[in-house]
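Structure file target.txt (compact mmCIF, C-alpha atoms) is printed below.
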```txt
# COMPACT_ATOMS: atom_id res chain seq x y z
CA MET A 1 24.66 174.33 -5.97
CA GLU A 2 24.89 174.22 -2.19
CA THR A 3 22.03 172.90 -0.12
CA THR A 4 20.08 175.20 2.15
CA GLY A 5 19.93 174.98 5.93
CA ASP A 6 16.35 173.69 5.82
CA ASN A 7 17.36 170.84 3.56
CA LEU A 8 20.30 169.95 5.79
CA ASP A 9 18.01 169.76 8.82
CA ARG A 10 15.67 167.43 6.95
CA ILE A 11 18.60 165.25 5.89
CA ASP A 12 19.99 165.06 9.44
CA SER A 13 16.60 163.91 10.73
CA TYR A 14 16.37 161.38 7.89
CA PHE A 15 19.65 159.76 8.92
CA SER A 16 19.16 160.23 12.69
CA GLY A 17 18.28 156.58 13.38
CA CYS A 18 21.50 155.21 11.86
CA SER A 19 24.14 156.40 14.31
CA LYS A 20 25.86 153.01 14.19
CA LEU A 21 26.70 153.69 10.53
CA ASP A 22 28.71 156.79 11.39
CA SER A 23 32.38 156.39 10.47
CA TYR A 24 35.08 158.17 12.47
CA ASP A 25 37.85 159.58 10.29
CA TRP A 26 40.92 159.17 12.47
CA LEU A 27 43.16 160.28 9.57
CA ARG A 28 41.42 163.61 9.04
CA GLU A 29 44.40 165.56 10.47
CA VAL A 30 46.90 164.03 8.04
CA SER A 31 44.68 163.60 5.01
CA VAL A 32 45.59 166.15 2.31
CA GLN A 33 43.78 164.54 -0.64
CA ASP A 34 41.38 167.15 -2.03
CA ILE A 35 40.09 164.98 -4.87
CA PRO A 36 39.56 161.46 -3.51
CA GLU A 37 39.45 158.51 -5.88
CA VAL A 38 36.90 156.56 -3.80
CA VAL A 39 34.38 157.78 -1.24
CA GLU A 40 32.05 156.03 1.19
CA VAL A 41 28.38 156.99 0.79
CA ARG A 42 25.62 156.25 3.30
CA PHE A 43 21.91 155.86 2.66
CA LYS A 44 18.89 155.14 4.84
CA ASN A 45 18.74 152.10 7.17
CA THR A 46 21.82 149.86 6.84
CA ARG A 47 22.72 150.71 3.25
CA LYS A 48 26.27 151.85 2.66
CA GLY A 49 28.72 151.57 -0.22
CA PHE A 50 31.94 152.71 -1.90
CA TYR A 51 31.79 154.76 -5.10
CA ARG A 52 34.38 155.96 -7.63
CA ASN A 53 34.90 159.67 -8.06
CA VAL A 54 35.25 159.48 -11.85
CA ASN A 55 34.54 163.19 -12.39
CA GLU A 56 37.30 164.26 -9.97
CA LEU A 57 34.99 166.23 -7.70
CA ARG A 58 36.27 167.91 -4.54
CA LEU A 59 34.32 165.82 -2.06
CA LYS A 60 34.48 165.87 1.72
CA ARG A 61 32.58 164.33 4.60
CA GLY A 62 28.99 165.61 4.76
CA ASP A 63 28.54 166.34 1.05
CA ILE A 64 25.30 165.18 -0.55
CA VAL A 65 25.98 163.43 -3.86
CA ALA A 66 24.09 161.78 -6.70
CA VAL A 67 25.46 158.29 -7.34
CA GLU A 68 24.87 155.53 -9.85
CA ALA A 69 21.99 153.15 -9.12
CA SER A 70 20.20 150.37 -10.91
CA PRO A 71 18.28 151.89 -12.58
CA GLY A 72 18.74 155.67 -12.48
CA HIS A 73 20.56 157.47 -9.71
CA ASP A 74 20.33 157.69 -5.92
CA ILE A 75 21.06 160.40 -3.37
CA GLY A 76 23.37 159.74 -0.44
CA LEU A 77 25.66 161.35 2.13
CA VAL A 78 29.46 161.15 1.95
CA THR A 79 30.71 159.69 5.23
CA LEU A 80 34.39 159.09 4.41
CA ALA A 81 36.77 160.56 1.86
CA GLY A 82 40.53 160.36 1.47
CA GLU A 83 43.10 157.88 2.66
CA ILE A 84 40.80 156.47 5.36
CA VAL A 85 38.53 154.91 2.70
CA GLU A 86 41.14 152.29 1.80
CA LYS A 87 41.47 151.33 5.47
CA GLN A 88 37.68 151.10 5.75
CA GLN A 89 37.48 148.84 2.71
CA SER A 90 39.95 146.37 4.17
CA LYS A 91 38.12 146.44 7.51
CA THR A 92 34.73 145.69 5.96
CA LYS A 93 36.26 143.17 3.50
CA SER A 94 34.59 144.90 0.57
CA GLN A 95 37.66 145.40 -1.57
CA GLY A 96 37.12 144.85 -5.27
CA SER A 97 38.30 146.14 -8.57
CA ARG A 98 37.76 149.84 -9.18
CA GLU A 99 35.92 149.04 -12.41
CA GLU A 100 33.21 147.11 -10.51
CA MET A 101 32.44 150.06 -8.25
CA LYS A 102 29.55 152.33 -9.12
CA LYS A 103 30.22 155.98 -9.90
CA VAL A 104 29.59 159.33 -8.26
CA TYR A 105 27.82 161.48 -10.84
CA ARG A 106 27.84 164.91 -9.22
CA LYS A 107 27.15 166.87 -6.09
CA ALA A 108 23.42 166.93 -5.50
CA LYS A 109 21.72 170.01 -6.89
CA GLU A 110 18.77 171.76 -5.33
CA VAL A 111 16.48 170.07 -7.86
CA ASP A 112 17.80 166.66 -6.81
CA ILE A 113 17.25 167.49 -3.14
CA GLU A 114 13.69 168.67 -3.73
CA LYS A 115 12.85 165.53 -5.69
CA TRP A 116 14.41 163.38 -2.98
CA ARG A 117 12.44 165.18 -0.28
CA GLY A 118 9.22 164.51 -2.19
CA ALA A 119 10.07 160.82 -2.30
CA ILE A 120 10.83 160.79 1.44
CA ASP A 121 7.46 162.35 2.23
CA LYS A 122 5.71 159.44 0.50
CA GLU A 123 7.52 156.69 2.42
CA GLU A 124 5.21 156.49 5.44
CA GLU A 125 2.04 156.58 3.36
CA THR A 126 3.44 153.92 1.02
CA MET A 127 4.36 151.69 3.97
CA LEU A 128 0.84 151.87 5.45
CA ARG A 129 -0.83 151.15 2.12
CA SER A 130 1.52 148.25 1.38
CA ARG A 131 0.73 146.71 4.78
CA GLN A 132 -2.97 146.79 3.96
CA ILE A 133 -2.33 145.25 0.53
CA ALA A 134 -0.28 142.42 2.07
CA LYS A 135 -3.06 141.83 4.60
CA ASP A 136 -5.70 141.68 1.87
CA LEU A 137 -3.61 139.10 0.00
CA GLY A 138 -3.40 136.97 3.15
CA LEU A 139 0.41 137.05 3.36
CA ASN A 140 2.00 136.21 6.70
CA MET A 141 4.53 139.04 6.68
CA LYS A 142 5.07 142.52 8.09
CA ILE A 143 6.38 145.41 6.02
CA GLY A 144 8.55 147.35 8.44
CA ASP A 145 9.84 150.19 6.29
CA VAL A 146 9.94 151.63 2.77
CA GLU A 147 12.86 153.48 1.22
CA TYR A 148 12.50 155.40 -2.03
CA GLN A 149 15.42 155.86 -4.39
CA GLY A 150 16.57 159.43 -4.90
CA ASP A 151 15.17 159.74 -8.43
CA HIS A 152 11.76 158.37 -7.35
CA THR A 153 11.93 155.43 -9.79
CA LYS A 154 12.44 152.57 -7.32
CA ALA A 155 11.42 151.64 -3.78
CA ILE A 156 12.86 149.06 -1.38
CA PHE A 157 10.32 147.34 0.88
CA TYR A 158 11.84 145.91 4.08
CA TYR A 159 9.74 143.07 5.48
CA ILE A 160 9.80 140.54 8.31
CA ALA A 161 8.48 137.00 7.93
CA ASP A 162 8.89 133.86 10.03
CA GLU A 163 8.23 131.57 7.08
CA ARG A 164 8.96 131.60 3.38
CA VAL A 165 6.58 133.99 1.62
CA ASP A 166 5.57 133.96 -2.03
CA PHE A 167 5.21 137.67 -2.70
CA ARG A 168 5.12 137.59 -6.51
CA GLU A 169 1.50 138.66 -6.53
CA LEU A 170 2.31 141.35 -3.97
CA ILE A 171 5.00 142.82 -6.22
CA LYS A 172 2.55 143.04 -9.12
CA VAL A 173 -0.04 144.83 -7.00
CA LEU A 174 2.51 147.23 -5.52
CA ALA A 175 3.96 148.07 -8.93
CA GLU A 176 0.49 148.83 -10.29
CA SER A 177 -0.49 150.88 -7.24
CA PHE A 178 2.63 153.05 -6.93
CA ARG A 179 3.95 152.99 -10.54
CA ILE A 180 7.53 152.33 -9.45
CA ARG A 181 10.09 149.53 -9.57
CA ILE A 182 9.75 147.24 -6.51
CA GLU A 183 12.53 145.52 -4.55
CA MET A 184 11.78 143.30 -1.55
CA LYS A 185 14.42 142.89 1.16
CA GLN A 186 13.91 140.62 4.17
CA ILE A 187 15.24 141.67 7.57
CA GLY A 188 15.16 140.01 10.99
CA ALA A 189 13.64 141.10 14.26
CA ARG A 190 17.03 142.33 15.51
CA GLN A 191 17.51 144.50 12.42
CA GLU A 192 14.06 146.00 12.88
CA ALA A 193 14.77 146.81 16.53
CA GLY A 194 18.03 148.45 15.47
CA ARG A 195 16.20 150.51 12.87
CA ILE A 196 13.46 151.66 15.25
CA GLY A 197 15.70 152.12 18.30
CA GLY A 198 14.72 152.42 21.95
CA ILE A 199 15.97 152.18 25.54
CA GLY A 200 17.03 148.84 26.98
CA THR A 201 16.57 147.49 30.51
CA CYS A 202 20.05 148.77 31.35
CA GLY A 203 18.81 152.34 30.82
CA ARG A 204 20.96 152.97 27.75
CA GLU A 205 20.13 153.13 24.05
CA LEU A 206 19.82 149.75 22.33
CA CYS A 207 23.15 148.29 21.24
CA CYS A 208 21.68 147.24 17.88
CA SER A 209 20.81 150.86 17.10
CA THR A 210 24.15 152.33 18.22
CA PHE A 211 27.19 150.17 17.45
CA VAL A 212 26.22 146.57 16.66
CA THR A 213 26.41 145.99 12.89
CA ASN A 214 26.87 142.22 12.69
CA PHE A 215 24.25 140.18 14.52
CA VAL A 216 25.57 136.94 16.04
CA SER A 217 23.20 134.19 17.12
CA VAL A 218 22.56 134.11 20.88
CA SER A 219 21.58 130.90 22.67
CA THR A 220 20.66 129.94 26.21
CA HIS A 221 24.16 128.41 26.50
CA SER A 222 25.47 131.94 27.07
CA ALA A 223 23.11 132.40 30.01
CA ARG A 224 23.97 129.00 31.50
CA VAL A 225 27.72 129.62 31.38
CA GLN A 226 27.27 132.95 33.15
CA GLU A 227 24.71 131.39 35.52
CA VAL A 228 22.02 133.91 34.67
CA ALA A 229 18.49 132.96 35.72
CA LEU A 230 16.67 131.46 32.72
CA ASN A 231 13.77 133.88 32.88
CA PRO A 232 12.46 134.52 29.33
CA GLN A 233 11.02 137.90 30.27
CA LYS A 234 14.37 139.16 31.56
CA LEU A 235 16.58 137.53 28.94
CA ALA A 236 14.57 138.76 25.94
CA GLY A 237 15.15 142.17 24.41
CA GLN A 238 12.68 144.48 22.72
CA CYS A 239 12.94 142.42 19.53
CA GLY A 240 11.65 139.34 21.35
CA LYS A 241 14.97 137.51 20.90
CA LEU A 242 17.68 136.83 23.46
CA LYS A 243 19.67 139.95 24.33
CA CYS A 244 22.84 140.52 22.33
CA CYS A 245 24.72 141.51 25.50
CA LEU A 246 24.65 137.89 26.69
CA ASN A 247 27.57 137.28 24.32
CA TYR A 248 29.70 140.21 25.46
CA GLU A 249 31.38 138.49 28.44
CA LEU A 250 30.81 134.89 27.33
CA ALA A 251 34.42 134.35 26.19
CA VAL A 252 35.76 135.67 29.53
CA TYR A 253 33.54 133.29 31.52
CA GLU A 254 34.45 130.31 29.34
CA ASP A 255 38.15 131.10 29.68
CA ALA A 256 37.89 131.53 33.48
CA ARG A 257 35.91 128.30 33.93
CA LYS A 258 38.68 126.19 32.36
CA ASN A 259 40.53 126.21 35.70
CA PHE A 260 37.41 125.43 37.77
CA PRO A 261 36.65 121.88 39.00
CA ASP A 262 33.80 119.88 37.52
CA THR A 263 30.52 121.10 39.01
CA GLY A 264 28.75 117.82 38.33
CA ILE A 265 30.77 115.98 41.00
CA SER A 266 29.36 116.18 44.53
CA LEU A 267 31.59 116.59 47.57
CA LYS A 268 31.45 113.90 50.28
CA THR A 269 32.17 114.95 53.84
CA SER A 270 31.48 113.55 57.28
CA GLN A 271 28.57 116.03 57.55
CA GLY A 272 26.97 114.67 54.40
CA GLU A 273 27.09 115.00 50.64
CA ALA A 274 27.27 118.55 49.26
CA TYR A 275 25.99 119.50 45.80
CA HIS A 276 27.06 122.43 43.64
CA LEU A 277 24.50 125.23 43.36
CA LYS A 278 26.25 128.25 41.87
CA THR A 279 29.66 129.72 41.08
CA ASP A 280 31.16 133.15 41.51
CA VAL A 281 33.65 133.10 38.65
CA TYR A 282 35.46 136.36 39.31
CA ARG A 283 35.91 135.73 43.04
CA GLY A 284 36.84 132.08 42.52
CA ILE A 285 34.18 130.80 44.96
CA MET A 286 31.82 127.85 44.45
CA TRP A 287 28.67 127.58 46.55
CA TYR A 288 27.55 124.17 47.84
CA GLY A 289 24.53 122.94 49.76
CA PHE A 290 23.93 119.70 51.62
CA GLY A 291 21.26 117.28 50.46
CA GLY A 292 20.19 119.28 47.44
CA GLY A 293 19.99 122.38 49.61
CA GLY A 294 17.26 124.22 47.78
CA GLY A 295 19.20 127.43 48.32
CA GLN A 296 19.32 127.10 52.13
CA GLY A 297 22.51 126.77 54.11
CA LEU A 298 24.86 127.66 51.25
CA VAL A 299 28.53 127.22 51.99
CA PRO A 300 31.08 129.29 50.01
CA VAL A 301 34.05 127.09 49.11
CA PRO A 302 37.14 128.33 47.23
CA ALA A 303 37.76 126.59 43.92
CA GLU A 304 41.13 125.28 45.16
CA ARG A 305 39.46 123.66 48.16
CA VAL A 306 36.83 122.04 45.91
CA ALA A 307 39.56 120.45 43.79
CA GLU A 308 41.30 119.27 46.94
CA VAL A 309 38.13 117.63 48.35
CA GLN A 310 37.39 115.96 45.02
CA ALA A 311 40.93 114.51 44.96
CA MET A 312 40.44 113.24 48.54
CA ASN A 313 37.12 111.58 47.60
CA LYS A 314 38.79 109.78 44.70
CA GLN A 315 41.31 108.32 47.18
CA GLY A 316 38.47 107.21 49.45
CA LYS A 317 39.08 109.88 52.04
CA VAL A 318 36.28 111.97 53.53
CA PRO A 319 37.13 115.33 55.14
CA ASP A 320 35.36 116.46 58.28
CA GLU A 321 34.25 119.79 56.82
CA LEU A 322 34.03 121.45 53.45
CA ILE A 323 36.30 124.29 54.49
CA GLU A 324 39.04 124.10 57.08
CA ILE A 325 38.87 127.77 57.92
CA THR A 326 35.57 129.60 58.22
CA VAL A 327 35.24 132.08 55.39
CA THR A 328 33.70 135.32 56.57
CA LEU A 329 32.73 137.91 53.98
CA LYS A 330 33.18 141.32 55.57
CA SER A 331 31.32 144.23 54.08
CA GLU A 332 33.17 147.50 54.41
CA LYS A 333 31.09 150.39 55.64
CA LEU A 334 31.36 153.35 53.28
CA GLU A 335 31.28 156.78 54.83
CA TYR A 336 31.53 160.23 53.36
CA THR A 337 34.91 161.92 53.61
CA ASN A 338 36.05 165.12 51.99
CA GLY A 339 39.51 166.12 50.88
CA ALA A 340 40.49 167.35 54.31
CA GLY A 341 39.47 164.12 55.95
CA GLU A 342 36.54 165.58 57.84
CA GLY A 343 33.55 163.30 57.69
CA SER A 344 30.77 165.41 59.16
CA LEU A 345 28.43 167.17 56.74
CA THR A 346 26.85 169.27 59.51
CA ARG A 347 30.04 170.67 61.01
CA PHE A 348 29.25 174.20 59.79
CA GLU A 349 25.74 174.25 61.18
CA LYS A 350 25.10 176.10 64.40
CA GLU A 351 23.87 174.04 67.26
CA LYS A 352 20.47 175.02 68.60
CA SER A 353 20.76 176.53 72.04
CA ARG A 354 18.56 174.86 74.58
CA LYS A 355 16.55 177.12 76.88
CA LYS A 356 17.43 176.77 80.49
CA LYS A 357 14.57 176.10 82.81
CA ARG A 358 14.06 178.51 85.69
CA LYS A 359 14.40 177.06 89.08
CA ASN A 360 11.51 177.41 91.55
CA ARG A 361 9.17 178.61 88.80
CA PRO A 362 5.55 178.69 90.09
CA PRO A 363 2.83 176.95 88.08
CA ARG A 364 0.75 179.01 85.64
CA ASN A 365 -2.52 178.70 87.60
CA GLN A 366 -0.94 179.59 90.89
CA LYS A 367 -1.16 183.24 91.83
CA ARG A 368 1.84 184.95 93.25
```
As structure tokens, what does this structure read like?
Amino acid sequence: METTGDNLDRIDSYFSGCSKLDSYDWLREVSVQDIPEVVEVRFKNTRKGFYRNVNELRLKRGDIVAVEASPGHDIGLVTLAGEIVEKQQSKTKSQGSREEMKKVYRKAKEVDIEKWRGAIDKEEETMLRSRQIAKDLGLNMKIGDVEYQGDHTKAIFYYIADERVDFRELIKVLAESFRIRIEMKQIGARQEAGRIGGIGTCGRELCCSTFVTNFVSVSTHSARVQEVALNPQKLAGQCGKLKCCLNYELAVYEDARKNFPDTGISLKTSQGEAYHLKTDVYRGIMWYGFGGGGGQGLVPVPAERVAEVQAMNKQGKVPDELIEITVTLKSEKLEYTNGAGEGSLTRFEKEKSRKKKRKNRPPRNQKR
């Protein structure tokens, strides 16, 4: 039985926060396999898996299917089917024997969809009640989300905790309150931010909610290498942790800095001793100041010149100046030009004609 348009709208909104789990089928033009052996099925949050099509169903991307779960069955959305699934398995390193994979039972019927929708409607209420129960038990944890299984026999509680939490008593209370099987799954602050989503300081949607699937630890070393100001308010993301984007260009900076001189060595000149203050990696310029500087009187010195002065200091020589030739940074003035090379935006406007004054005009109060 096919699903109705109303159900499809509800399902699209249910999966709307998981855009990073979308899989692009770049073999869709050449794939001719009508009955795939294995399909990729997506669920809520970060759950995803590969299932065997044991009943030889004609499945395609976007189909809603009932799959094997422990216990019972679950409802999910087919995201990949055909030859691309094997490529995806090798990419995600989730290859295993076909016998170990769980099965696809059938295409979801209208009864399955209705039951699943009823379970979805209870998720928010269950989350709020479970938070109050955890608070009453004095547990130092936060329940961030609840996901019901498609057959309404099991619920996954996603929680955040800074310390180890003994939630055995919590599981007993939750099982008695909701009459379902309970599974607790711990997530981090980054995973919660990716689940909720939002807009970053760059003005774009959060990386963790769009394309980042594997969270790598970020340290202040990344900021120091890129010489970013160590301001906690600017370096922290919405999750309260260091921004993931600090690691994006880290490898490029580390590779470029291999050819730069040691910044811990001061430069001795006849004008005084100059200390390193900052580096412009991409332009190959190192900025020095005399006597500690404090940011005043910065002198831009090319990296090659810095290495040369350091070599001279090792030989006991002291140059007269840091740079032999004065480096002037010219800023080009940008002006508007169109395709025809005409730069004036007001060339089509008519000039206002100025009124000519009459000569020998008598004053207003003077009678003729």
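Minimum atom-to-atom distances from A:Glu254, A:Glu68, A:Thr201, A:Val216 to A:Lys234 were compared using only C-alpha atoms, and the lowest value belongs to A:Thr201.
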Neighbouring residues of A:Val85 were defined as those with any atom within 7 Å, considering only C-alpha atoms; residues of the same chain fewer than 3 positions away were excluded. Please report them as a PDB file with C-alpha atoms, in the frame of the given file.
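Done, and the output landed in out-v5.pdb:
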```
ATOM      1  CA  VAL A  38      36.900 156.560  -3.800  1.00  0.00           C
ATOM      2  CA  VAL A  39      34.380 157.780  -1.240  1.00  0.00           C
ATOM      3  CA  GLU A  40      32.050 156.030   1.190  1.00  0.00           C
ATOM      4  CA  LEU A  80      34.390 159.090   4.410  1.00  0.00           C
ATOM      5  CA  ALA A  81      36.770 160.560   1.860  1.00  0.00           C
ATOM      6  CA  GLY A  82      40.530 160.360   1.470  1.00  0.00           C
ATOM      7  CA  GLN A  88      37.680 151.100   5.750  1.00  0.00           C
ATOM      8  CA  GLN A  89      37.480 148.840   2.710  1.00  0.00           C
TER       9      GLN A  89
END
```
(message) Report, in Å to a single decimal, how far apart atom CA of A:Asp280 and atom CA of A:Ala307 are.
(response)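 Separation of atom CA of A:Ala307 and atom CA of A:Asp280: 15.4 Å.
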Please identify every residue of stretch 35-147 of chain A that has at least one atom no farther than 10 Å from an atom of stretch 189-198 of chain A, counting only C-alpha atoms, and for each give the shortest atom pair and the distance in Å to one decimal, arranged by chain then increasing number, as CSV.
```
residue,atom,partner,partner_atom,distance
A:Lys44,CA,A:Arg195,CA,9.7
A:Asn45,CA,A:Arg195,CA,6.4
A:Thr46,CA,A:Arg195,CA,8.3
A:Gly144,CA,A:Glu192,CA,7.2
A:Asp145,CA,A:Glu192,CA,8.9
```
(request) Work out how far apart atom CA of A:Phe157 and atom CA of A:Ile143 are and give it in Å to one decimal. (result) 6.8 Å
